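Visitor: You'll find final_32.cif just under this line, and it carries mmCIF, C-alpha atoms.
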```
data_structure
#
loop_
_atom_site.label_atom_id
_atom_site.label_comp_id
_atom_site.auth_asym_id
_atom_site.auth_seq_id
_atom_site.Cartn_x
_atom_site.Cartn_y
_atom_site.Cartn_z
CA MET I 1 105.90 113.35 130.88
CA LYS I 2 109.52 114.03 130.09
CA PRO I 3 110.42 115.71 126.79
CA ALA I 4 112.31 112.60 125.67
CA ASP I 5 109.22 110.47 126.36
CA GLU I 6 107.05 112.92 124.43
CA ASP I 7 109.40 112.69 121.45
CA GLY I 8 109.31 108.90 121.65
CA PHE I 9 105.52 108.93 121.78
CA ARG I 10 105.33 111.26 118.76
CA GLU I 11 107.69 109.02 116.79
CA PHE I 12 105.66 105.96 117.76
CA VAL I 13 102.40 107.56 116.63
CA ALA I 14 103.93 108.79 113.37
CA SER I 15 105.36 105.39 112.52
CA ARG I 16 102.40 103.23 113.62
CA MET I 17 99.31 105.35 112.89
CA THR I 18 98.61 103.82 109.47
CA ALA I 19 99.05 100.25 110.74
CA LEU I 20 96.84 100.90 113.77
CA ARG I 21 94.11 102.45 111.60
CA LYS I 22 94.19 99.44 109.27
CA LEU I 23 94.06 97.06 112.23
CA ALA I 24 91.04 98.88 113.63
CA TYR I 25 89.32 98.97 110.22
CA VAL I 26 89.85 95.27 109.60
CA THR I 27 88.50 94.57 113.09
CA CYS I 28 85.35 96.70 112.92
CA GLY I 29 84.79 97.32 109.18
CA ASP I 30 84.13 101.07 109.44
CA TRP I 31 86.73 103.79 108.87
CA HIS I 32 85.03 106.29 111.19
CA ALA I 33 84.81 103.77 114.03
CA ALA I 34 88.41 102.72 113.29
CA GLU I 35 89.66 106.29 113.64
CA ASP I 36 87.74 106.68 116.90
CA ALA I 37 89.19 103.41 118.20
CA VAL I 38 92.76 104.50 117.38
CA ALA I 39 92.24 107.94 118.92
CA ASN I 40 90.85 106.42 122.13
CA ALA I 41 93.69 103.88 122.30
CA LEU I 42 96.36 106.56 121.84
CA ALA I 43 94.70 108.76 124.46
CA LYS I 44 94.96 105.87 126.93
CA LEU I 45 98.51 105.07 125.84
CA TYR I 46 99.88 108.61 126.33
CA PRO I 47 99.80 108.79 130.15
CA ARG I 48 101.21 105.25 130.44
CA TRP I 49 103.93 105.71 127.81
CA GLY I 50 106.94 105.87 130.14
CA ARG I 51 105.85 102.82 132.17
CA LEU I 52 105.20 100.32 129.36
CA ASP I 53 107.71 97.69 128.26
CA ARG I 54 105.89 96.96 124.97
CA PRO I 55 103.85 100.00 123.95
CA ASP I 56 103.25 98.48 120.50
CA LEU I 57 101.48 95.46 122.00
CA TYR I 58 99.53 97.70 124.38
CA ALA I 59 98.43 99.92 121.46
CA LYS I 60 97.33 96.92 119.37
CA THR I 61 95.43 95.50 122.33
CA MET I 62 93.64 98.78 123.00
CA VAL I 63 92.85 99.33 119.31
CA VAL I 64 91.33 95.86 118.90
CA ARG I 65 89.27 96.21 122.08
CA ALA I 66 88.10 99.71 121.17
CA ALA I 67 87.16 98.58 117.65
CA ILE I 68 85.14 95.68 119.07
CA ASP I 69 83.45 98.04 121.53
CA GLU I 70 82.53 100.39 118.67
CA THR I 71 80.64 97.57 116.95
CA ARG I 72 78.81 96.70 120.17
CA ARG I 73 77.49 100.17 120.95
CA PRO I 74 73.73 100.49 120.45
CA TRP I 75 72.80 102.12 117.17
CA TRP I 76 71.13 105.10 118.88
CA ARG I 77 74.38 106.01 120.69
CA ARG I 78 76.59 105.87 117.61
CA GLU I 79 77.56 109.06 115.88
CA ARG I 80 76.79 109.08 112.18
CA SER I 81 78.71 110.97 109.56
CA ALA I 82 77.02 112.63 106.62
CA GLY I 83 78.79 110.13 104.36
CA ASP I 84 76.81 107.27 105.91
CA ALA I 85 73.71 108.47 104.07
CA LEU I 86 75.40 108.11 100.68
CA PRO I 87 75.04 104.70 99.03
CA ASP I 88 78.14 102.59 98.53
CA VAL I 89 78.85 101.95 94.88
CA ALA I 90 80.69 98.72 94.21
CA ALA I 91 83.04 98.84 91.25
CA SER I 92 85.18 95.92 90.19
CA ASP I 93 88.86 96.31 89.44
CA PRO I 94 90.03 95.27 85.96
CA ILE I 95 93.03 93.56 87.53
CA GLY I 96 90.85 91.69 90.01
CA GLU I 97 93.05 92.13 93.07
CA THR I 98 91.01 94.99 94.48
CA ASP I 99 87.79 93.09 93.84
CA GLU I 100 89.15 90.08 95.73
CA GLY I 101 90.22 92.31 98.61
CA LEU I 102 86.75 93.85 98.79
CA ARG I 103 85.09 90.45 98.84
CA VAL I 104 87.45 89.21 101.56
CA ARG I 105 86.71 92.34 103.63
CA ALA I 106 82.97 91.84 103.18
CA ALA I 107 83.27 88.21 104.22
CA LEU I 108 85.38 89.17 107.23
CA ARG I 109 82.73 91.70 108.33
CA ALA I 110 80.21 88.83 108.38
CA VAL I 111 82.29 87.01 111.03
CA PRO I 112 81.34 87.80 114.68
CA ALA I 113 83.49 90.50 116.27
CA ARG I 114 85.49 88.34 118.70
CA GLN I 115 86.24 85.72 116.04
CA ARG I 116 87.14 88.46 113.55
CA ALA I 117 89.55 89.96 116.10
CA VAL I 118 91.22 86.58 116.55
CA LEU I 119 91.53 86.07 112.78
CA VAL I 120 92.97 89.56 112.33
CA LEU I 121 95.50 89.03 115.09
CA ARG I 122 96.50 85.54 113.93
CA TYR I 123 96.56 85.99 110.14
CA TYR I 124 96.79 89.73 109.49
CA LEU I 125 99.33 90.50 112.21
CA ASP I 126 100.90 87.00 112.27
CA LEU I 127 100.63 86.67 116.06
CA THR I 128 100.81 83.28 117.73
CA ALA I 129 97.84 81.96 119.70
CA GLU I 130 99.61 82.92 122.92
CA GLU I 131 100.34 86.48 121.74
CA ALA I 132 96.77 86.91 120.51
CA ALA I 133 95.52 85.61 123.86
CA GLU I 134 97.62 88.22 125.64
CA VAL I 135 96.22 90.99 123.42
CA LEU I 136 92.62 89.88 123.97
CA GLY I 137 93.03 89.05 127.65
CA VAL I 138 91.93 85.42 127.25
CA ARG I 139 93.62 82.02 127.36
CA ALA I 140 95.38 80.49 124.33
CA PRO I 141 92.89 77.58 124.03
CA THR I 142 90.11 80.16 123.74
CA VAL I 143 92.00 81.81 120.90
CA ARG I 144 92.42 78.46 119.16
CA SER I 145 88.71 77.63 119.42
CA GLN I 146 87.74 81.14 118.27
CA THR I 147 90.16 80.75 115.36
CA SER I 148 88.52 77.48 114.35
CA ARG I 149 85.01 78.94 114.57
CA GLY I 150 86.10 82.14 112.85
CA LEU I 151 87.64 80.22 109.95
CA ALA I 152 84.43 78.21 109.55
CA ASN I 153 82.38 81.41 109.50
CA LEU I 154 84.83 83.07 107.10
CA ARG I 155 84.69 80.07 104.76
CA ALA I 156 80.89 80.21 104.78
CA ALA I 157 80.89 83.96 104.09
CA LEU I 158 83.45 83.59 101.29
CA ALA I 159 81.44 80.73 99.76
CA ALA I 160 78.32 82.93 99.82
CA GLY I 161 80.35 85.53 97.92
CA GLY I 162 81.54 83.03 95.32
CA MET I 163 85.01 82.36 96.79
CA VAL I 164 86.25 79.08 98.20
CA LEU I 165 88.91 78.56 100.86
CA ASP I 166 90.65 75.48 99.48
CA GLU I 167 91.91 73.32 102.36
CA THR I 168 93.48 70.63 100.16
CA SER I 169 96.29 72.73 98.71
CA GLU I 170 98.62 75.02 100.61
CA PRO I 171 97.06 75.67 104.05
CA GLY I 172 94.02 77.88 103.53
CA ALA I 173 94.62 78.67 99.85
CA TRP I 174 91.59 80.43 98.42
CA ARG I 175 90.35 80.71 94.88
CA ASP I 176 87.56 82.38 93.02
CA ALA I 177 84.86 79.75 92.51
CA SER I 178 83.34 81.57 89.54
CA GLU I 179 86.59 81.86 87.59
CA GLY I 180 88.38 78.75 88.87
CA ARG I 181 91.69 80.54 89.26
CA SER I 182 93.92 80.47 92.28
CA GLY I 183 94.25 83.55 94.42
CA PRO I 184 97.32 84.77 96.28
CA GLY I 185 97.25 81.70 98.54
CA GLY I 186 96.36 80.97 102.13
CA LEU I 187 94.77 83.11 104.76
CA HIS I 188 98.00 85.05 104.73
CA GLY I 189 97.21 85.72 101.07
CA ALA I 190 93.73 86.86 102.10
CA ALA I 191 95.38 89.08 104.70
CA ALA I 192 97.64 90.46 101.95
CA ALA I 193 94.52 91.23 99.91
CA LEU I 194 93.22 93.24 102.87
CA ARG I 195 96.42 95.29 103.00
CA ARG I 196 96.06 96.50 99.40
#
```
Would you write out, as structure tokens, the structure that this file holds?

Guide:
Amino acid sequence: MKPADEDGFREFVASRMTALRKLAYVTCGDWHAAEDAVANALAKLYPRWGRLDRPDLYAKTMVVRAAIDETRRPWWRRERSAGDALPDVAASDPIGETDEGLRVRAALRAVPARQRAVLVLRYYLDLTAEEAAEVLGVRAPTVRSQTSRGLANLRAALAAGGMVLDETSEPGAWRDASEGRSGPGGLHGAAAALRR
């Protein structure tokens, strides 16, 4: 690799590492698996760097696929960190935004991996069905059907957690069923809650 390409790769990694880690985490729901997915994707990106027209799209594609693969590995082949043995302690935020984000993340983890990947690409990254299809290596109608199924599963998971995706107001607006107050609005609002 040429020195100029190496510098470009370093700049790319420095500017996109946080976004790629968040994308992987939202896709698989585990920070350790997310970091592994990003590391594997960047390792595959490095030798191809000079030949790619859109390295950002390639990186996103590889991160999503690696994150899905991490969730599919059999439990006996997964590495476990010492932190996995510690119990998670849920604490609510006095402001409520963090609590909403945690509940949306938990609901998203209940959605099957392929549907979750489609929802993340469509609503978290704001990709079109065609762009998401290119990332996942499927056809656009498949993305649309997975989006529909994923939204139904996300609605069910949110309802189980006491949140309702309100379809009658602004597209996809969601509110807390227990408090009756409106949230940040839409699945894009839910995606914004995940970014916090």

Visitor: What lies within 9 Å of stretch 36-41 of chain I using all atoms listed in the file, ignoring chain neighbours under 2 positions off, as a list in words?

Guide: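 So, after excluding close chain neighbours, the residues are Met17, Leu20, Arg21, Ala24, Trp31, His32, Ala33, Ala34, Ala43, Lys44, Leu45, Tyr46, Tyr58, Ala59, Lys60, Thr61, Met62, Val63, Val64, Arg65, Ala66, Ala67, Ile68, Asp69 and Glu70 of chain I.
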
Visitor: Ranking I:Arg16, I:Val26, I:Met163, I:Gly50 by minimum distance to I:Pro3 and counting only C-alpha atoms, which one comes first?

Guide: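 Among the listed residues, the smallest separation from I:Pro3 belongs to I:Gly50.
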
Visitor: Measuring between only C-alpha atoms, which one of I:Ala140, I:Ala117, I:Val135, I:Glu11 shows the shortest distance to I:Arg54?

Guide: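 Closest residue, counting only C-alpha atoms: I:Val135.
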
Visitor: Interatomic distance between atom CA of I:Thr27 and atom CA of I:Glu131?

Guide: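 Atom-to-atom, atom CA of I:Thr27 and atom CA of I:Glu131 are spaced 16.7 Å apart.
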
Visitor: From the set I:Gln115, I:Thr98, I:Thr18, I:Thr71, which residue has the shortest atom-to-atom contact distance to I:Leu136, counting all atoms listed in the file?

Guide: I:Gln115

Visitor: Dig up all the protein and nucleic acid residues within 8 Å of (85.2, 77.8, 103.0) in the file frame, using only C-alpha atoms, and format them as a ChimeraX atom specification.

Guide: /I:151-159,163-166

Visitor: From the set I:Leu42, I:Gly137, I:Gly161, I:Ser148, which residue has the shortest atom-to-atom contact distance to I:Ala110, counting all atoms listed in the file?

Guide: I:Gly161

Visitor: For stretch 4-18 of chain I, take all atoms listed in the file, fit an axis-aligned box around them, add 8 Å to each of the six sides, then output centre and edge lengths in Å rounded to one decimal, as lines of an AutoDock Vina configuration file.

Guide:
```
center_x = 105.5
center_y = 108.1
center_z = 117.9
size_x = 29.7
size_y = 25.7
size_z = 32.9
```

Visitor: Please measure the separation of atom CA of I:Phe9 and atom CA of I:Arg116, giving the value in Å to one decimal.

Guide: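 One can read the atom CA of I:Phe9 to atom CA of I:Arg116 distance as 28.7 Å.
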
Visitor: What does the PyMOL selection byres ((chain I and resi 144) around 10) select in this file, as a list in words?

Guide: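 Listing what the PyMOL selection byres ((chain I and resi 144) around 10) selects in the shown file: Val118, Leu119, Arg122, Thr128, Ala129, Glu130, Ala132, Ala133, Arg139, Ala140, Pro141, Thr142, Val143, Ser145, Gln146, Thr147, Ser148, Arg149 and Gly150 of chain I.
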
Visitor: What is the distance, in Å and to one decimal place, between atom CA of I:Arg109 and atom CA of I:Gly29?

Guide: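 Atom-to-atom, atom CA of I:Arg109 to atom CA of I:Gly29, that is 6.0 Å.
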
Visitor: Determine the nearest neighbour of I:Arg51 from the options I:Arg103, I:Lys2, I:Lys22, I:Arg10, counting only C-alpha atoms.

Guide: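 Of I:Arg103, I:Lys2, I:Lys22, I:Arg10, the one nearest I:Arg51 is I:Lys2, counting only C-alpha atoms.
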
Visitor: Starting from the incomplete input, reconstruct N, CA and C atoms of stretch 113-124 of chain I and report them as a short mmCIF file (atom, residue, chain, number, x, y, z; two decimals), in the frame of the given file.

Guide:
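Below is the file result_18.cif, written as the result:
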```
data_model
loop_
_atom_site.label_atom_id
_atom_site.label_comp_id
_atom_site.auth_asym_id
_atom_site.auth_seq_id
_atom_site.Cartn_x
_atom_site.Cartn_y
_atom_site.Cartn_z
N ALA I 113 82.40 89.59 115.90
CA ALA I 113 83.49 90.50 116.27
C ALA I 113 84.65 89.82 116.98
N ARG I 114 84.40 88.98 117.96
CA ARG I 114 85.49 88.34 118.70
C ARG I 114 86.27 87.38 117.79
N GLN I 115 85.57 86.63 116.97
CA GLN I 115 86.24 85.72 116.04
C GLN I 115 87.02 86.50 114.99
N ARG I 116 86.45 87.62 114.53
CA ARG I 116 87.14 88.46 113.55
C ARG I 116 88.42 89.01 114.16
N ALA I 117 88.36 89.44 115.43
CA ALA I 117 89.55 89.96 116.10
C ALA I 117 90.64 88.90 116.17
N VAL I 118 90.24 87.66 116.48
CA VAL I 118 91.22 86.58 116.55
C VAL I 118 91.83 86.32 115.17
N LEU I 119 91.00 86.29 114.13
CA LEU I 119 91.53 86.07 112.78
C LEU I 119 92.47 87.19 112.36
N VAL I 120 92.11 88.42 112.68
CA VAL I 120 92.97 89.56 112.33
C VAL I 120 94.31 89.45 113.04
N LEU I 121 94.26 89.14 114.33
CA LEU I 121 95.50 89.03 115.09
C LEU I 121 96.36 87.86 114.61
N ARG I 122 95.74 86.73 114.31
CA ARG I 122 96.50 85.54 113.93
C ARG I 122 97.02 85.63 112.50
N TYR I 123 96.18 86.07 111.55
CA TYR I 123 96.56 85.99 110.14
C TYR I 123 96.95 87.32 109.52
N TYR I 124 96.43 88.42 110.03
CA TYR I 124 96.79 89.73 109.49
C TYR I 124 98.07 90.24 110.15
#
```
